[in-house]
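upload24.txt, holding compact mmCIF, C-alpha atoms:
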# COMPACT_ATOMS: atom_id res chain seq x y z
CA MET A 1 -98.95 -24.22 -101.15
CA SER A 2 -96.34 -22.02 -99.56
CA ASP A 3 -93.17 -23.25 -97.91
CA THR A 4 -92.06 -21.27 -94.90
CA THR A 5 -88.94 -22.36 -93.16
CA THR A 6 -87.85 -20.93 -89.88
CA VAL A 7 -84.10 -20.74 -89.39
CA THR A 8 -82.71 -20.15 -85.93
CA THR A 9 -79.08 -19.41 -85.47
CA THR A 10 -77.20 -19.74 -82.24
CA THR A 11 -73.98 -18.02 -81.49
CA ALA A 12 -71.41 -19.04 -78.95
CA ALA A 13 -71.08 -16.96 -75.83
CA PRO A 14 -68.61 -14.14 -76.26
CA ALA A 15 -65.07 -15.06 -75.25
CA ALA A 16 -63.87 -13.87 -71.88
CA PRO A 17 -61.68 -10.79 -72.07
CA ALA A 18 -57.99 -11.57 -72.33
CA THR A 19 -56.29 -11.61 -68.95
CA PRO A 20 -52.96 -9.92 -68.51
CA ALA A 21 -49.91 -12.16 -68.70
CA ALA A 22 -49.38 -14.09 -65.49
CA PRO A 23 -46.12 -13.50 -63.62
CA ALA A 24 -43.34 -15.97 -64.35
CA ALA A 25 -43.64 -17.55 -60.90
CA GLU A 26 -47.22 -18.62 -61.56
CA ARG A 27 -46.56 -20.09 -65.02
CA ARG A 28 -43.60 -22.35 -64.23
CA ALA A 29 -44.00 -25.84 -62.90
CA LEU A 30 -43.49 -26.70 -59.25
CA ARG A 31 -39.88 -27.31 -58.44
CA LYS A 32 -38.60 -30.28 -56.47
CA THR A 33 -37.26 -29.62 -52.99
CA ARG A 34 -35.13 -31.84 -50.77
CA VAL A 35 -33.84 -31.61 -47.20
CA GLY A 36 -30.35 -32.87 -46.50
CA GLN A 37 -27.05 -32.39 -44.72
CA VAL A 38 -24.08 -30.45 -46.04
CA ILE A 39 -21.12 -32.81 -46.30
CA SER A 40 -18.71 -30.45 -48.08
CA SER A 41 -18.47 -26.70 -48.49
CA LYS A 42 -14.87 -26.30 -49.67
CA MET A 43 -15.76 -25.09 -53.16
CA ALA A 44 -16.53 -21.45 -53.94
CA LYS A 45 -20.30 -20.79 -53.76
CA THR A 46 -21.02 -24.53 -53.82
CA ALA A 47 -22.06 -27.04 -51.19
CA VAL A 48 -22.46 -30.79 -51.52
CA VAL A 49 -25.74 -31.84 -49.90
CA GLU A 50 -26.50 -35.47 -49.07
CA THR A 51 -30.12 -36.59 -48.82
CA VAL A 52 -31.37 -39.87 -47.37
CA THR A 53 -34.59 -41.36 -48.70
CA ARG A 54 -36.11 -44.47 -47.12
CA VAL A 55 -37.90 -46.69 -49.65
CA PRO A 56 -39.02 -50.31 -49.64
CA HIS A 57 -36.87 -52.75 -51.61
CA PRO A 58 -38.70 -53.63 -54.86
CA LYS A 59 -38.50 -57.39 -54.36
CA PHE A 60 -38.13 -58.02 -50.64
CA GLY A 61 -40.00 -55.07 -49.14
CA LYS A 62 -37.36 -54.25 -46.52
CA ILE A 63 -36.93 -50.52 -45.95
CA VAL A 64 -33.55 -49.44 -47.35
CA LYS A 65 -31.83 -46.06 -47.41
CA GLN A 66 -31.08 -44.37 -50.70
CA ILE A 67 -28.30 -41.81 -50.31
CA LYS A 68 -27.92 -39.20 -53.04
CA ARG A 69 -25.53 -36.26 -53.28
CA PHE A 70 -26.44 -32.97 -54.90
CA TYR A 71 -24.18 -30.08 -55.81
CA ALA A 72 -26.06 -26.98 -54.68
CA HIS A 73 -25.41 -23.30 -55.35
CA ASP A 74 -24.77 -21.28 -52.18
CA GLU A 75 -24.41 -17.64 -53.22
CA GLU A 76 -23.21 -16.31 -49.83
CA SER A 77 -21.29 -19.48 -48.83
CA LYS A 78 -23.14 -19.54 -45.50
CA ALA A 79 -23.67 -23.31 -45.28
CA GLN A 80 -21.12 -25.18 -43.19
CA VAL A 81 -20.41 -28.90 -42.93
CA GLY A 82 -23.07 -30.57 -40.79
CA ASP A 83 -25.83 -28.01 -41.45
CA THR A 84 -29.27 -29.24 -42.40
CA VAL A 85 -30.48 -27.32 -45.45
CA ARG A 86 -33.40 -27.19 -47.86
CA ILE A 87 -32.44 -27.23 -51.55
CA MET A 88 -34.59 -26.51 -54.60
CA GLU A 89 -34.27 -27.50 -58.23
CA THR A 90 -33.15 -24.67 -60.53
CA ARG A 91 -31.78 -24.04 -63.98
CA PRO A 92 -28.27 -25.38 -64.62
CA VAL A 93 -25.71 -23.13 -62.93
CA SER A 94 -22.68 -25.16 -63.99
CA ARG A 95 -21.79 -28.62 -65.26
CA LEU A 96 -22.86 -30.32 -62.03
CA LYS A 97 -25.04 -27.76 -60.21
CA ARG A 98 -28.79 -27.94 -60.81
CA TRP A 99 -29.90 -27.17 -57.24
CA ARG A 100 -29.67 -24.12 -54.97
CA ILE A 101 -29.81 -23.73 -51.21
CA VAL A 102 -33.09 -22.10 -50.20
CA GLU A 103 -32.63 -21.99 -46.43
CA ILE A 104 -30.46 -23.30 -43.64
CA LEU A 105 -32.73 -25.21 -41.27
CA LYS A 106 -30.23 -26.09 -38.51
CA HIS A 107 -26.63 -25.05 -37.85
In structure tokens, what does this structure look like?
Amino acid sequence: MSDTTTVTTTTAAPAAPATPAAPAAERRALRKTRVGQVISSKMAKTAVVETVTRVPHPKFGKIVKQIKRFYAHDEESKAQVGDTVRIMETRPVSRLKRWRIVEILKH
């Protein structure tokens, strides 16, 4: 009596070739953006932007306004009081500034 055993081996598919490193813009997470009005631009390279968000009250359901102020970096100091601007989250620029002005929507 002879024992013959057949052994089959399977190998995983070869790994895909390594792709070159993706640019930094593609790797980082999406950044928050807000649209608001400039209420102060007296500081150097800084504007205070006020955003208004309308949300329902948690208990009563009435729509209420939430007003929040952001200190935003304005490299060229182009934003004036009353302008509507778009701001984007960024790395900390100073103690209070974590946002930067991306574009001025309306003068």
Among A:Gln37, A:Gln66, A:Thr46, A:Ser77, A:Val93 is approached most closely, using only C-alpha atoms, by A:Thr46
Work out how far apart atom CA of A:Val52 and atom CA of A:Thr33 are and give it in Å to one decimal.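 Result for atom CA of A:Val52 versus atom CA of A:Thr33: 13.1 Å, one decimal.
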Just the residues within 12 Å of A:Arg95, please, counting all atoms listed in the file, with nothing from its chain fewer than 2 positions along; format it as an MDAnalysis selection string. chainID A and resid 71:73 91:93 97:99
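Between A:Leu96 and the candidates A:Ile63, A:Ala47, A:Glu75, A:Gly82, the tightest atom-to-atom separation, counting all atoms listed in the file, involves A:Ala47.
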key: Contacts of A:Asp83 within 8 Å, all atoms listed in the file, excl. fewer than 3 positions in-chain, as a list in words   =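 Close residues of A:Asp83: Gln37, Val38, Ala79, Gln80, Ile104, Leu105, Lys106 and His107 of chain A.
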With distances taken over only C-alpha atoms, which of A:His57, A:Arg100, A:Arg28, A:Lys78 is nearest to A:Lys42?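 Ranked by minimum distance to A:Lys42, first place goes to A:Lys78.
When atom CA of A:Ser41 is paired with atom CA of A:Ser94, their separation reads 16.1 Å.
The nearest approach to A:Lys68 among the residues A:Val81, A:Ser40, A:Arg34, A:Pro56, with only C-alpha atoms taken into account, belongs to A:Arg34.
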* Asked: Suppose you want the space between atom CA of A:Thr84 and atom CA of A:Val49; what is it in Å?
  ->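 For atom CA of A:Thr84 relative to atom CA of A:Val49, the distance reads 8.7 Å.
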Among listed residues A:Val48, A:Met88, A:Leu30, A:Val102, nearest A:Glu76 (using only C-alpha atoms)
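Among the listed residues, A:Val102 lies closest to A:Glu76.
Of the listed residues A:Met43, A:Ala29, A:Val35, A:Val64, the one whose atoms come nearest to A:Arg86 is A:Val35, with distances taken using only C-alpha atoms.
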